[in-house]
Structures are given as C-alpha cells and as structure tokens.
Amino acid sequence: MPNLVEVTYKQTGQSKKTNALGMREMQAEAFKANTAQYLLIKAPPASGKSRALMFIALEKLYNQGIKKVIVAVPEKSIGASFGTTELKKYGFFTDWSPNPKYNLCTPGPEKSKVTAFLEFLDTDEKILICTHATLRFAFKGLDEKKLDNTLVAIDEFHHVSAEGDNRLGEVLKNIMAKSSAHIVAMTGSYFRGDNIPVLMPDDEAKFTKVTYNYYQQLNGYEFLKSLGIGYHFYTGRYYKKQPDKEMSALAEVLDPNLKTIVHIPSVNSAESSKEKHDEVAHVIEVLGEIDYQDEKTGVIYVKSKKANKTLKVANLVNDDPKSRDKITAYLREVKSPEDIDIIIALGMAKEGFDWPYCQHALTIGYRGSLTEIIQIIGRATRDSNNKTHAQFTNLVAEPDAENDDVKVAVNNMLKAITASLLMEQVLAPNFKFKLKRDDEDESEDDDDTIRVRGFKLPTSQRAKDIIETDLNDLKAKILQDDQMLKAMPGNLDPETINTVLIPKIIREVYPDLDEEDVEAVRQHVVVDSVIKNSTIEEQGDKKFIRMANSFVNIDDIHIDLIDQVNPFQKAFEILSKSVTAQTLKLIDNHIQSTKIEMTEEEAILLWPKIKDWVAKTGEQPNLQAFDHKEKRMAEAIIFLRELKRKRMQDE
C-alpha cells in the first residue's frame, strides 16, 4: 500500500541553529514569553522543550522573584532530560544545576519521594524534578499557598485532563485558583485523542500560548529530507502467513536494514494474541536466528539472512525488572547507529524516548489516541546523519465478516485513517489565508500566502487565537466526531460536510463564538484542510491547484468552490485501492447500519440538488441506490415530507 502521507522537507537547518544565548528557534520563541504567569508551549518531539523550560525557569528564578522550580514528568526515564546542563558556555547567563538529592525520578518507594517533595518546599533548594505521580500524591493535604512564588512545570501536558476524576487536572486547577504559582505546560501534542479537553475553556484562556509546528521543526533539519506515513492491512494474525502470500504481514513491512522501533499490540486489543512474550519471539523470528544474548547489557544478537549481518535487538517487553533495567541502561548510553538495530516494545519507547538514529516506527494494532501516534512518529523524526527518510507504518487488522468484532475492526480502521489525515494536516507546510480583492496590492505576499475570494476573516480576538494556535486541535476534534467518521468516505455531499457538519462541531467546541466567527473559523478549517490535501503546480508564471477533480488557477479560488470539495476523501480513495472488495463492503454496511441522522439544514441544502437530479433523469432519487449521494437525496425527500406532515398537523 502506498503511503497515505508523504512530506518532503527543505533541509534549511534553521530549527537547529542557535542564537547568541544558545537557544534554538523554538526555544527563542518560547523565551520571548518568559514573563507570562501561565505559559503553554506546544512543540513537537525533539524541538528542545526541556531546554526551553530551563531557560525560562532560570530567568524566573533570578530575575522575576520566583523562589523554587518544580518540574513534573510522566515517567522516571524522562527525568534524565532535566539533569545538570551547561548553558553558560553557549551564551546564557547561568547553568541549570539541580541538586541530585531532589531529582526524584530515581528507583525507590513513592512514599519516600513524597516526603522528599514536602521537605524540599521548606528548604533553600531551588529545583526539584519528579514524576506526575509524585506531584499528585504530594498534593493530598498540601496547602496550595505553599506554592506561592513557585514555578510548576508540567512536561507532556496532554496527560492532564479536565475530566472530574483526573487527579493531575484537579491539582493544576487548585494551583491556579489558590496560589500565586507560575505554570509552564509543555506538550508535543495537545489533543489527547479521547475527546476530553485538557483544560476547560475558561482555564485555558488564562494561558499564553507558544506554538511551534511540526513542519517548522522538520523543515529546519539538516539531514532528514522526507517523512512517510503508511497503513498496511492484514487478515488473521500479523505474524502468520497471509492468505495467497508467501509471508506474514509483519515480514512484509519489517526491514532489518532500517533502525526500527516495533510496538507490538496492547494486550487488551483485538490484534493481540494475549501472549506478549510469544509475540516478541515472532518478531525476532522474522528478523532471523538468535545467536546469543549478552548477559551484561541484555542485548540480543540475531543473525539476519535478509540483512546479511548480525542485528543487535533490545527487548523492552520483558517483565523482569533486572533484565529491563540492564537493557534500558544500555539504551541510555547509545552513541552511534551501530549500537542497536531493532527495539521491540509494548508500553515503553514512546514519549520522551530518545533514539535519534531510528528510521522506522512500526506499530502493530490500531492506536486509539492521536497523541500516542504523534509521540510514536516522533521517535523516528529526530534529525541524524544516518537517515534522509523517516517512516511510520501501522499494521491494522482488516475486518472479518466471520468475526463478532467486525464493528470494532471497521471503527478501528476508520479511526486509523483519520489519524493519518490529521498527521497530514500537522506535517504539511502552513499557509496564511487572506481575502482576495481585485483592488488590493498583493506584491508583498510571500509563497505561503493564498488569497481566497469570498473569504470571511475573524472579527474577535478569540476567533483569531483559535485560527492562529488551535487549528490542528480543532481538526482533531472534527476528525474524531462520530458523524464525521461516517461521512468522510463520501456518504455525505461535500457541501453538507463543510457547511453543516463542521460548523456544528465548532459550535460544540467553542460555544462562546458568535455565528460570524463560527463561519470564519469554519472557512479557515475547510480551506486549510482542502489546500493541504491538494497539490500546487506551476505552469509558466501562473500557479494552479489540483483539488479533488478540479484544476484551478490559484488566483481564481473562491470559497464556494472549496466548499464543494470533501477535504478528507483522498485517504479513502487510497484505502479503497488497498483492501479487498469484501472489506470495503463491510465498511459500507457498517456505516449504513449506523446511518447518520438528517437535520433540516442538510435536507434544505440538498433540495436544489434533488430538483437538478429530477430535471436531468426524469426520476426521483432511489432509496435503494448503491450511490451514496443518490440515496442521501432520497432520504432527504422522505425527511422533508415527514417534516411537512408534522408542521401541517401542528397548524
């Protein structure tokens, strides 16, 4: 199957260059906002968020009256990112020098760490590093006033949730409400993937946001030139021989010549055999034959015929703490591409895991969280001189008509595709959209500016902020909406998707926006999505855009034209060429069985199309038609008749 997403980068080196203070591009952007009491930094993996925090924290400690800094990370291994770091020799005014005594991301019982946390608050020590769990436990019975004049930094902030039983979310809310503490929140992915907001809108509005996007990061690399995201579908078990093929689906996609992290399925998922150690053995079997395992490091040496060499393999699925500590200690010291070839993992090696040489992230089984997918992709997108291409591959089970879980499998497949659609939006270059007027000077527009006729601009600051910093988060919510999932393969008219379904979701997410701004945000979402799914071609001195089946001069783009394009259909066109006819029929049957309810708004929008249909064919649309659009028009006629009948009854 071809990649659903393939992005090429310009290798400008910009995101890796440092300024006179030793700050990379993202760090300098974040540092500009160092006076904010509440700061939210959204930046991709490997952009340097931990060092950005050091710069901001030291500035607050020395120049803004902050007395203490508490850094909370989701798991112990990530604490190493905040160890002693030389900054002065690169131009900053001081170094980051935490006392090892108050680095609580070390082995040991949680109770003693909570004691150390509370003790730290009564000492003259400046910096403490702990896990999210320690922060949560320490807050039981703690007076929030103890955190006055303290900076609390939360790494991987998407672990926070506004949901009532999310303890970390509750802790954060209380810190903001009951103390003068400053907060720096950092995340590589702000959407959690489960439709639960990270913060409630009124709390989120208090944060100053710095957004550094994935495209800026990857385009500014020195070595990495391209990134591909692909999905491969299999039947039966991923490690067993496929019908009509000589090998398993795993053997097809696992290339021993590429530095690869293999994530086997969660034991709770349908794709799992429930025997995780057997699955590790299957992965190794695909790679070759075990030669021996090094007792000191835990590295498994595997002879590979395909790669014609001995591979060094790390097994992070092992439950034995001693064995796991050995191999994780070895991986922390990896200094060159030759040190390890393949890492097999289950829950580890995702966020915060640093292996710059990784070329391929291979994930088996559907992942429900968009955040998890972005974090896994981030393992392969670090810049390194051993690679010019990074690849993410997801092996997903095809729905099986004989299986009771067919509905789950279809949903998983659709959600996997929407995850790739979202990643395409995140990874593609960003455009600036303006209203096109014939009397306006466009000479100062750059290549990233596209002017659209009939385009609505936001009026409130709130709408401007959403467009500036939250567009990808909003797209994530749109792509995860149940109605949208069923509409995307073409079951709804594009105009209905763009002008009825999308604004409905925007109103739900941002109930404070008035209708004018809902329309402005809607147009930005649709235009941005359609353009990023299209190709721009130059012919002579003119630029043309190929969107869906249209080929249009870029100077003639009108919002009405864009509203006629389904921004998300490309992925399903690729999908339809990559799975069997039977699988497509199962997907179609599932969607039809959970038919989308119709609104009056959609029915009215379809009425002119129904009249055109009758004029052209001489017949009414058929409810049993195979064509989704004809069927939908037939449903609209029934809906409108029923609506008319009810109204006459009421009168």
# chains A, B, ... in the order shown; residues from 1 in each chain; ligands from 1
$ residues_around --residues "A:Ile284" --least-positions-apart "3" --cutoff "12 Å" --atoms "only C-alpha atoms" --output "VMD selection string"
chain A and resid 239 250 to 251 254 256 262 277 to 281 287 to 291 300 to 304 311 to 315 341 to 344
$ residues_around --residues "A:Gly220" --least-positions-apart "5" --cutoff "6 Å" --atoms "only C-alpha atoms" --output "JSON, numbers by chain"
{"A": [11, 12, 13, 14, 15]}
$ closest_atom_pairs --of "stretch 97-212 of chain A" --to "stretch 69-72 of chain A" --cutoff "12 Å" --atoms "only C-alpha atoms" --output "Markdown table"
| residue | atom | partner | partner_atom | distance |
| --- | --- | --- | --- | --- |
| A:Ser97 | CA | A:Val69 | CA | 11.8 |
| A:Pro98 | CA | A:Val69 | CA | 9.8 |
| A:Asn99 | CA | A:Val69 | CA | 11.9 |
| A:Tyr102 | CA | A:Ile70 | CA | 9.8 |
| A:Asn103 | CA | A:Val71 | CA | 9.5 |
| A:Leu104 | CA | A:Ala72 | CA | 9.7 |
| A:Cys105 | CA | A:Ala72 | CA | 9.4 |
| A:Phe117 | CA | A:Ile70 | CA | 9.3 |
| A:Leu118 | CA | A:Ile70 | CA | 11.5 |
| A:Phe120 | CA | A:Ile70 | CA | 9.7 |
| A:Leu121 | CA | A:Ile70 | CA | 9.7 |
| A:Asp124 | CA | A:Val69 | CA | 11.5 |
| A:Glu125 | CA | A:Val69 | CA | 9.2 |
| A:Lys126 | CA | A:Val69 | CA | 6.0 |
| A:Ile127 | CA | A:Val69 | CA | 4.8 |
| A:Leu128 | CA | A:Ile70 | CA | 4.9 |
| A:Ile129 | CA | A:Val71 | CA | 4.8 |
| A:Cys130 | CA | A:Ala72 | CA | 5.0 |
| A:Thr131 | CA | A:Ala72 | CA | 5.0 |
| A:His132 | CA | A:Ala72 | CA | 5.2 |
| A:Ala133 | CA | A:Ala72 | CA | 8.6 |
| A:Thr134 | CA | A:Ala72 | CA | 8.2 |
| A:Leu135 | CA | A:Ala72 | CA | 6.9 |
| A:Arg136 | CA | A:Ala72 | CA | 9.8 |
| A:Ala138 | CA | A:Ala72 | CA | 11.8 |
| A:Leu147 | CA | A:Ile70 | CA | 9.6 |
| A:Asp148 | CA | A:Val69 | CA | 11.1 |
| A:Asn149 | CA | A:Val69 | CA | 9.2 |
| A:Thr150 | CA | A:Val69 | CA | 5.8 |
| A:Leu151 | CA | A:Val69 | CA | 4.7 |
| A:Val152 | CA | A:Ile70 | CA | 4.9 |
| A:Ala153 | CA | A:Val71 | CA | 4.7 |
| A:Ile154 | CA | A:Ala72 | CA | 5.0 |
| A:Asp155 | CA | A:Ala72 | CA | 6.0 |
| A:Glu156 | CA | A:Ala72 | CA | 8.9 |
| A:Phe157 | CA | A:Ala72 | CA | 9.5 |
| A:His159 | CA | A:Ala72 | CA | 11.2 |
| A:Val160 | CA | A:Ala72 | CA | 11.6 |
| A:Leu168 | CA | A:Ala72 | CA | 10.5 |
| A:Leu172 | CA | A:Ala72 | CA | 11.7 |
| A:Ala181 | CA | A:Val69 | CA | 9.9 |
| A:His182 | CA | A:Val69 | CA | 9.3 |
| A:Ile183 | CA | A:Ile70 | CA | 9.6 |
| A:Val184 | CA | A:Val71 | CA | 9.2 |
| A:Ala185 | CA | A:Ala72 | CA | 9.8 |
| A:Met186 | CA | A:Ala72 | CA | 10.4 |
$ write_last_selection --atoms "N, CA and C atoms" --output "short mmCIF file (atom, residue, chain, number, x, y, z; two decimals), in the first residue's frame"
data_model
loop_
_atom_site.label_atom_id
_atom_site.label_comp_id
_atom_site.auth_asym_id
_atom_site.auth_seq_id
_atom_site.Cartn_x
_atom_site.Cartn_y
_atom_site.Cartn_z
N SER A 97 21.55 23.66 37.23
CA SER A 97 22.29 22.77 38.14
C SER A 97 21.41 22.29 39.28
N PRO A 98 20.50 21.34 39.02
CA PRO A 98 19.67 20.83 40.11
C PRO A 98 20.49 19.97 41.06
N ASN A 99 20.13 19.97 42.34
CA ASN A 99 20.77 19.12 43.33
C ASN A 99 20.26 17.68 43.11
N TYR A 102 17.34 16.13 44.99
CA TYR A 102 15.94 16.44 44.69
C TYR A 102 15.56 16.10 43.24
N ASN A 103 16.32 15.16 42.67
CA ASN A 103 15.85 14.52 41.44
C ASN A 103 15.15 13.23 41.89
N LEU A 104 13.82 13.28 41.93
CA LEU A 104 13.05 12.16 42.49
C LEU A 104 12.65 11.14 41.43
N CYS A 105 13.25 11.27 40.23
CA CYS A 105 12.96 10.29 39.15
C CYS A 105 13.97 9.15 39.21
N PHE A 117 9.63 15.54 48.57
CA PHE A 117 8.95 16.66 47.90
C PHE A 117 8.52 17.71 48.94
N LEU A 118 7.85 17.24 50.01
CA LEU A 118 7.35 18.16 51.04
C LEU A 118 8.50 18.82 51.79
N PHE A 120 11.44 19.48 50.48
CA PHE A 120 12.02 20.46 49.54
C PHE A 120 11.36 21.83 49.69
N LEU A 121 10.03 21.85 49.91
CA LEU A 121 9.31 23.13 50.00
C LEU A 121 9.77 23.96 51.19
N ASP A 124 16.08 25.71 51.25
CA ASP A 124 16.52 26.80 50.36
C ASP A 124 16.84 26.29 48.96
N GLU A 125 16.66 24.98 48.74
CA GLU A 125 16.94 24.41 47.41
C GLU A 125 16.01 25.01 46.36
N LYS A 126 16.52 25.14 45.13
CA LYS A 126 15.77 25.85 44.08
C LYS A 126 14.98 24.94 43.14
N ILE A 127 15.53 23.74 42.82
CA ILE A 127 14.95 22.94 41.72
C ILE A 127 14.64 21.52 42.20
N LEU A 128 13.43 21.05 41.88
CA LEU A 128 13.05 19.67 42.15
C LEU A 128 12.49 19.06 40.87
N ILE A 129 12.87 17.79 40.62
CA ILE A 129 12.36 17.07 39.44
C ILE A 129 11.64 15.82 39.95
N CYS A 130 10.40 15.62 39.51
CA CYS A 130 9.63 14.46 39.99
C CYS A 130 8.71 13.96 38.89
N THR A 131 8.01 12.86 39.18
CA THR A 131 7.04 12.35 38.21
C THR A 131 5.67 12.99 38.47
N HIS A 132 4.79 12.88 37.48
CA HIS A 132 3.40 13.34 37.67
C HIS A 132 2.79 12.67 38.89
N ALA A 133 3.11 11.37 39.08
CA ALA A 133 2.53 10.61 40.20
C ALA A 133 2.96 11.21 41.54
N THR A 134 4.24 11.54 41.67
CA THR A 134 4.73 12.14 42.92
C THR A 134 4.03 13.46 43.18
N LEU A 135 3.87 14.27 42.12
CA LEU A 135 3.18 15.56 42.26
C LEU A 135 1.74 15.33 42.76
N ARG A 136 1.07 14.34 42.19
CA ARG A 136 -0.32 14.05 42.59
C ARG A 136 -0.40 13.63 44.06
N ALA A 138 1.77 14.08 46.47
CA ALA A 138 2.23 15.12 47.40
C ALA A 138 1.13 16.14 47.67
N LEU A 147 2.88 26.93 47.51
CA LEU A 147 3.45 27.08 46.17
C LEU A 147 3.48 28.53 45.69
N ASP A 148 3.15 29.47 46.56
CA ASP A 148 3.31 30.88 46.18
C ASP A 148 4.76 31.11 45.76
N ASN A 149 4.95 31.92 44.71
CA ASN A 149 6.30 32.24 44.19
C ASN A 149 7.07 30.99 43.75
N THR A 150 6.34 29.97 43.30
CA THR A 150 6.97 28.75 42.77
C THR A 150 6.56 28.59 41.30
N LEU A 151 7.48 28.09 40.49
CA LEU A 151 7.13 27.74 39.11
C LEU A 151 6.89 26.24 39.06
N VAL A 152 5.69 25.84 38.62
CA VAL A 152 5.38 24.42 38.43
C VAL A 152 5.38 24.15 36.93
N ALA A 153 6.29 23.30 36.48
CA ALA A 153 6.38 22.97 35.04
C ALA A 153 5.89 21.54 34.84
N ILE A 154 4.93 21.36 33.92
CA ILE A 154 4.39 20.03 33.67
C ILE A 154 4.74 19.62 32.24
N ASP A 155 5.61 18.61 32.16
CA ASP A 155 6.03 18.09 30.85
C ASP A 155 4.98 17.08 30.37
N GLU A 156 4.87 16.94 29.03
CA GLU A 156 3.85 16.05 28.43
C GLU A 156 2.47 16.38 29.02
N PHE A 157 2.09 17.62 28.82
CA PHE A 157 0.92 18.20 29.47
C PHE A 157 -0.40 17.53 29.06
N HIS A 159 -1.25 14.71 29.47
CA HIS A 159 -1.68 13.76 30.50
C HIS A 159 -2.70 14.39 31.44
N VAL A 160 -2.75 15.72 31.44
CA VAL A 160 -3.76 16.43 32.24
C VAL A 160 -5.09 16.32 31.51
N LEU A 168 -4.47 14.85 38.17
CA LEU A 168 -3.49 15.87 37.76
C LEU A 168 -4.21 17.14 37.32
N LEU A 172 -3.82 20.86 39.07
CA LEU A 172 -3.50 22.06 38.31
C LEU A 172 -4.53 23.16 38.54
N ALA A 181 1.38 30.72 42.15
CA ALA A 181 2.37 29.97 41.38
C ALA A 181 2.31 30.31 39.90
N HIS A 182 3.48 30.21 39.25
CA HIS A 182 3.56 30.30 37.79
C HIS A 182 3.50 28.87 37.25
N ILE A 183 3.00 28.72 36.02
CA ILE A 183 2.90 27.39 35.41
C ILE A 183 3.47 27.44 34.00
N VAL A 184 4.33 26.47 33.68
CA VAL A 184 4.74 26.25 32.29
C VAL A 184 4.28 24.85 31.92
N ALA A 185 3.42 24.76 30.92
CA ALA A 185 2.91 23.47 30.47
C ALA A 185 3.52 23.19 29.10
N MET A 186 4.03 21.99 28.90
CA MET A 186 4.70 21.66 27.63
C MET A 186 4.12 20.38 27.05
#
$ residues_around --residues "A:Ala30" --least-positions-apart "3" --cutoff "9 Å" --atoms "only C-alpha atoms" --output "PyMOL selection string"
chain A and resi 25-27+33-34+39+41+49+52-53+56+209-212
$ write_last_selection --atoms "all heavy atoms" --output "compact mmCIF listing (two decimals), in the first residue's frame"
# COMPACT_ATOMS: atom_id res chain seq x y z
N GLU A 25 15.62 27.77 17.52
CA GLU A 25 14.49 28.60 17.07
C GLU A 25 13.28 28.49 17.99
O GLU A 25 12.71 29.49 18.42
CB GLU A 25 14.12 28.18 15.64
CG GLU A 25 13.10 29.08 14.98
CD GLU A 25 12.84 28.68 13.53
OE1 GLU A 25 12.65 27.47 13.26
OE2 GLU A 25 12.79 29.56 12.68
N MET A 26 12.86 27.26 18.32
CA MET A 26 11.68 27.10 19.18
C MET A 26 11.93 27.66 20.58
O MET A 26 11.07 28.32 21.17
CB MET A 26 11.32 25.61 19.27
CG MET A 26 10.04 25.31 20.06
SD MET A 26 10.18 25.42 21.84
CE MET A 26 11.04 23.92 22.21
N GLN A 27 13.13 27.43 21.11
CA GLN A 27 13.46 27.89 22.46
C GLN A 27 13.43 29.42 22.54
O GLN A 27 12.93 29.99 23.52
CB GLN A 27 14.82 27.34 22.87
CG GLN A 27 14.82 25.82 23.02
CD GLN A 27 16.19 25.18 22.88
OE1 GLN A 27 17.17 25.85 22.53
NE2 GLN A 27 16.27 23.88 23.13
N ALA A 33 8.21 34.72 25.71
CA ALA A 33 7.01 34.78 26.56
C ALA A 33 7.35 34.47 28.02
O ALA A 33 6.48 34.08 28.80
CB ALA A 33 5.97 33.79 26.04
N ASN A 34 8.62 34.68 28.43
CA ASN A 34 9.05 34.23 29.77
C ASN A 34 8.38 34.97 30.92
O ASN A 34 8.42 34.51 32.05
CB ASN A 34 10.58 34.29 29.90
CG ASN A 34 11.11 35.72 29.94
OD1 ASN A 34 10.94 36.44 30.91
ND2 ASN A 34 11.76 36.12 28.86
N LEU A 39 2.04 29.71 30.99
CA LEU A 39 2.58 29.58 29.63
C LEU A 39 2.36 28.16 29.12
O LEU A 39 2.68 27.19 29.80
CB LEU A 39 4.07 29.91 29.66
CG LEU A 39 4.86 29.83 28.35
CD1 LEU A 39 4.29 30.76 27.29
CD2 LEU A 39 6.34 30.16 28.59
N ILE A 41 3.39 25.71 26.03
CA ILE A 41 4.29 25.54 24.88
C ILE A 41 3.86 24.29 24.13
O ILE A 41 3.93 23.18 24.66
CB ILE A 41 5.76 25.41 25.34
CG1 ILE A 41 6.19 26.66 26.12
CG2 ILE A 41 6.68 25.19 24.13
CD1 ILE A 41 7.55 26.52 26.80
N LYS A 49 12.10 21.14 24.03
CA LYS A 49 11.21 21.72 25.06
C LYS A 49 11.87 21.73 26.44
O LYS A 49 11.69 22.67 27.20
CB LYS A 49 9.89 20.95 25.11
CG LYS A 49 9.01 21.16 23.89
CD LYS A 49 7.62 20.58 24.06
CE LYS A 49 7.60 19.07 24.06
NZ LYS A 49 8.00 18.46 22.78
N ALA A 52 14.17 24.57 26.67
CA ALA A 52 13.38 25.81 26.66
C ALA A 52 12.89 26.11 28.07
O ALA A 52 12.93 27.26 28.54
CB ALA A 52 12.19 25.67 25.71
N LEU A 53 12.45 25.06 28.77
CA LEU A 53 12.00 25.25 30.15
C LEU A 53 13.14 25.74 31.04
O LEU A 53 12.95 26.62 31.88
CB LEU A 53 11.43 23.95 30.71
CG LEU A 53 11.15 24.04 32.22
CD1 LEU A 53 10.01 24.99 32.50
CD2 LEU A 53 10.88 22.70 32.83
N ILE A 56 13.64 29.45 30.64
CA ILE A 56 12.54 30.23 31.23
C ILE A 56 12.58 30.14 32.75
O ILE A 56 12.43 31.15 33.45
CB ILE A 56 11.18 29.71 30.68
CG1 ILE A 56 11.06 30.05 29.20
CG2 ILE A 56 10.01 30.29 31.46
CD1 ILE A 56 9.98 29.28 28.45
N LYS A 209 0.04 31.25 24.83
CA LYS A 209 0.41 30.06 24.05
C LYS A 209 1.57 30.36 23.10
O LYS A 209 1.57 31.38 22.42
CB LYS A 209 -0.79 29.56 23.24
CG LYS A 209 -1.91 29.00 24.10
CD LYS A 209 -3.09 28.59 23.25
CE LYS A 209 -4.28 28.23 24.14
NZ LYS A 209 -5.50 28.02 23.38
N VAL A 210 2.51 29.44 23.08
CA VAL A 210 3.58 29.48 22.07
C VAL A 210 3.45 28.20 21.26
O VAL A 210 3.53 27.10 21.81
CB VAL A 210 4.98 29.55 22.73
CG1 VAL A 210 6.07 29.45 21.66
CG2 VAL A 210 5.14 30.82 23.53
N THR A 211 3.21 28.34 19.96
CA THR A 211 3.04 27.16 19.11
C THR A 211 4.17 27.11 18.09
O THR A 211 4.41 28.08 17.36
CB THR A 211 1.69 27.20 18.37
OG1 THR A 211 0.65 27.27 19.35
CG2 THR A 211 1.48 25.96 17.52
N TYR A 212 4.88 26.00 18.08
CA TYR A 212 5.94 25.77 17.10
C TYR A 212 5.56 24.49 16.40
O TYR A 212 5.44 23.43 17.03
CB TYR A 212 7.28 25.62 17.83
CG TYR A 212 8.49 25.53 16.93
CD1 TYR A 212 9.00 26.67 16.30
CD2 TYR A 212 9.13 24.32 16.71
CE1 TYR A 212 10.13 26.59 15.48
CE2 TYR A 212 10.25 24.24 15.90
CZ TYR A 212 10.74 25.38 15.29
OH TYR A 212 11.85 25.30 14.48
$ residues_around --residues "A:Arg24" --least-positions-apart "3" --cutoff "10 Å" --atoms "only C-alpha atoms" --output "MDAnalysis selection string"
chainID A and resid 14:21 27:29 47:48 51:52
$ closest_residue --among "A:Lys322, A:Lys407, A:His389, A:Lys88" --to "A:Leu586" --atoms "only C-alpha atoms"
A:Lys407
$ select_by_dssp --residues "stretch 197-312 of chain A" --states "strand (DSSP E)" --output "VMD selection string"
chain A and resid 208 to 211 226 to 234 260 to 263 289 to 293 300 to 304 309 to 312
$ residues_around --residues "A:Tyr510" --least-positions-apart "3" --cutoff "10 Å" --atoms "only C-alpha atoms" --output "count of residues only"
11
$ residues_around --residues "A:Tyr231" --least-positions-apart "5" --cutoff "12 Å" --atoms "only C-alpha atoms" --output "ChimeraX atom specification"
/A:1-5,249,253,361-366,391-398,413-421,571-572,574-575,578-579
$ write_last_selection --atoms "N, CA, C and O atoms" --output "short mmCIF file (atom, residue, chain, number, x, y, z; two decimals), in the first residue's frame"
data_model
loop_
_atom_site.label_atom_id
_atom_site.label_comp_id
_atom_site.auth_asym_id
_atom_site.auth_seq_id
_atom_site.Cartn_x
_atom_site.Cartn_y
_atom_site.Cartn_z
N MET A 1 0.84 -1.19 0.00
CA MET A 1 0.00 0.00 0.00
C MET A 1 0.88 1.24 0.00
O MET A 1 1.84 1.33 0.76
N PRO A 2 0.58 2.23 -0.84
CA PRO A 2 1.40 3.45 -0.84
C PRO A 2 1.20 4.22 0.47
O PRO A 2 0.22 4.02 1.18
N ASN A 3 2.15 5.11 0.77
CA ASN A 3 1.99 5.95 1.95
C ASN A 3 0.76 6.84 1.80
O ASN A 3 0.53 7.40 0.73
N LEU A 4 0.00 6.97 2.87
CA LEU A 4 -1.13 7.91 2.86
C LEU A 4 -0.61 9.34 2.92
O LEU A 4 -1.22 10.26 2.41
N VAL A 5 0.51 9.51 3.61
CA VAL A 5 1.11 10.84 3.76
C VAL A 5 2.58 10.74 3.35
O VAL A 5 3.28 9.83 3.77
N ALA A 249 2.29 -10.59 7.31
CA ALA A 249 2.22 -9.14 7.10
C ALA A 249 3.42 -8.47 7.78
O ALA A 249 3.98 -7.50 7.26
N VAL A 253 6.63 -5.86 6.08
CA VAL A 253 6.92 -4.45 6.39
C VAL A 253 8.13 -4.23 7.30
O VAL A 253 8.61 -3.11 7.43
N ALA A 361 9.32 3.68 12.59
CA ALA A 361 8.47 3.35 13.73
C ALA A 361 7.36 2.45 13.20
O ALA A 361 6.52 2.90 12.43
N LEU A 362 7.40 1.18 13.59
CA LEU A 362 6.42 0.20 13.11
C LEU A 362 5.49 -0.16 14.26
O LEU A 362 5.91 -0.72 15.28
N THR A 363 4.23 0.21 14.11
CA THR A 363 3.24 0.00 15.18
C THR A 363 2.21 -1.03 14.73
O THR A 363 1.59 -0.87 13.68
N ILE A 364 2.05 -2.08 15.54
CA ILE A 364 1.11 -3.14 15.18
C ILE A 364 -0.16 -2.96 16.01
O ILE A 364 -0.11 -2.85 17.23
N GLY A 365 -1.29 -2.90 15.31
CA GLY A 365 -2.57 -2.69 16.01
C GLY A 365 -2.95 -1.23 16.03
O GLY A 365 -2.10 -0.34 16.09
N TYR A 366 -4.24 -1.00 15.97
CA TYR A 366 -4.79 0.35 15.97
C TYR A 366 -4.50 1.04 17.31
O TYR A 366 -4.57 0.42 18.37
N GLN A 391 10.06 6.89 8.54
CA GLN A 391 8.84 6.18 8.14
C GLN A 391 8.04 5.74 9.37
O GLN A 391 8.61 5.21 10.33
N PHE A 392 6.74 5.98 9.33
CA PHE A 392 5.82 5.40 10.32
C PHE A 392 4.90 4.44 9.58
O PHE A 392 4.30 4.80 8.56
N THR A 393 4.83 3.20 10.06
CA THR A 393 3.94 2.21 9.46
C THR A 393 3.03 1.65 10.53
O THR A 393 3.50 1.29 11.62
N ASN A 394 1.74 1.58 10.23
CA ASN A 394 0.78 0.98 11.15
C ASN A 394 0.17 -0.27 10.50
O ASN A 394 -0.41 -0.18 9.42
N LEU A 395 0.39 -1.41 11.13
CA LEU A 395 -0.23 -2.66 10.69
C LEU A 395 -1.58 -2.78 11.38
O LEU A 395 -1.64 -2.85 12.61
N VAL A 396 -2.67 -2.77 10.62
CA VAL A 396 -4.01 -2.78 11.20
C VAL A 396 -4.79 -3.98 10.65
O VAL A 396 -4.72 -4.28 9.45
N ALA A 397 -5.54 -4.65 11.53
CA ALA A 397 -6.31 -5.84 11.12
C ALA A 397 -7.49 -5.43 10.23
O ALA A 397 -8.20 -4.49 10.53
N GLU A 398 -7.66 -6.16 9.12
CA GLU A 398 -8.84 -5.95 8.26
C GLU A 398 -10.06 -6.55 8.96
O GLU A 398 -9.96 -7.59 9.59
N MET A 413 -10.32 0.73 11.83
CA MET A 413 -9.75 1.05 10.53
C MET A 413 -10.04 2.51 10.15
O MET A 413 -9.16 3.25 9.71
N LEU A 414 -11.29 2.92 10.34
CA LEU A 414 -11.66 4.30 10.01
C LEU A 414 -10.88 5.30 10.87
O LEU A 414 -10.41 6.32 10.39
N LYS A 415 -10.74 4.96 12.16
CA LYS A 415 -10.02 5.87 13.05
C LYS A 415 -8.53 5.93 12.72
O LYS A 415 -7.90 6.97 12.85
N ALA A 416 -7.97 4.79 12.30
CA ALA A 416 -6.56 4.78 11.90
C ALA A 416 -6.35 5.70 10.69
O ALA A 416 -5.38 6.46 10.63
N ILE A 417 -7.30 5.65 9.75
CA ILE A 417 -7.19 6.50 8.57
C ILE A 417 -7.33 7.98 8.96
O ILE A 417 -6.59 8.83 8.48
N THR A 418 -8.27 8.28 9.87
CA THR A 418 -8.43 9.69 10.26
C THR A 418 -7.18 10.19 10.99
O THR A 418 -6.83 11.35 10.89
N ALA A 419 -6.51 9.29 11.73
CA ALA A 419 -5.27 9.69 12.40
C ALA A 419 -4.23 10.12 11.36
O ALA A 419 -3.52 11.11 11.55
N SER A 420 -4.16 9.38 10.25
CA SER A 420 -3.19 9.75 9.21
C SER A 420 -3.60 11.05 8.53
O SER A 420 -2.77 11.86 8.15
N LEU A 421 -4.92 11.27 8.38
CA LEU A 421 -5.39 12.53 7.80
C LEU A 421 -4.97 13.70 8.68
O LEU A 421 -4.53 14.74 8.20
N ALA A 571 -7.76 9.97 1.48
CA ALA A 571 -7.32 8.78 2.23
C ALA A 571 -8.20 7.58 1.92
O ALA A 571 -7.73 6.45 1.84
N PHE A 572 -9.49 7.83 1.73
CA PHE A 572 -10.39 6.71 1.48
C PHE A 572 -10.27 6.20 0.05
O PHE A 572 -10.52 5.04 -0.23
N ILE A 574 -7.35 6.02 -1.43
CA ILE A 574 -6.17 5.15 -1.31
C ILE A 574 -6.57 3.84 -0.62
O ILE A 574 -6.19 2.75 -1.04
N LEU A 575 -7.39 3.97 0.43
CA LEU A 575 -7.85 2.79 1.16
C LEU A 575 -8.60 1.83 0.24
O LEU A 575 -8.38 0.62 0.27
N SER A 578 -6.51 -0.46 -1.59
CA SER A 578 -5.57 -1.24 -0.81
C SER A 578 -6.18 -2.39 -0.04
O SER A 578 -5.49 -3.18 0.56
N VAL A 579 -7.52 -2.46 -0.02
CA VAL A 579 -8.16 -3.57 0.69
C VAL A 579 -9.09 -4.30 -0.28
O VAL A 579 -9.38 -3.83 -1.37
#
$ select_by_dssp --residues "stretch 582-631 of chain A" --states "alpha helix (DSSP H)" --output "PyMOL selection string"
chain A and resi 582-593+600-617+628-631
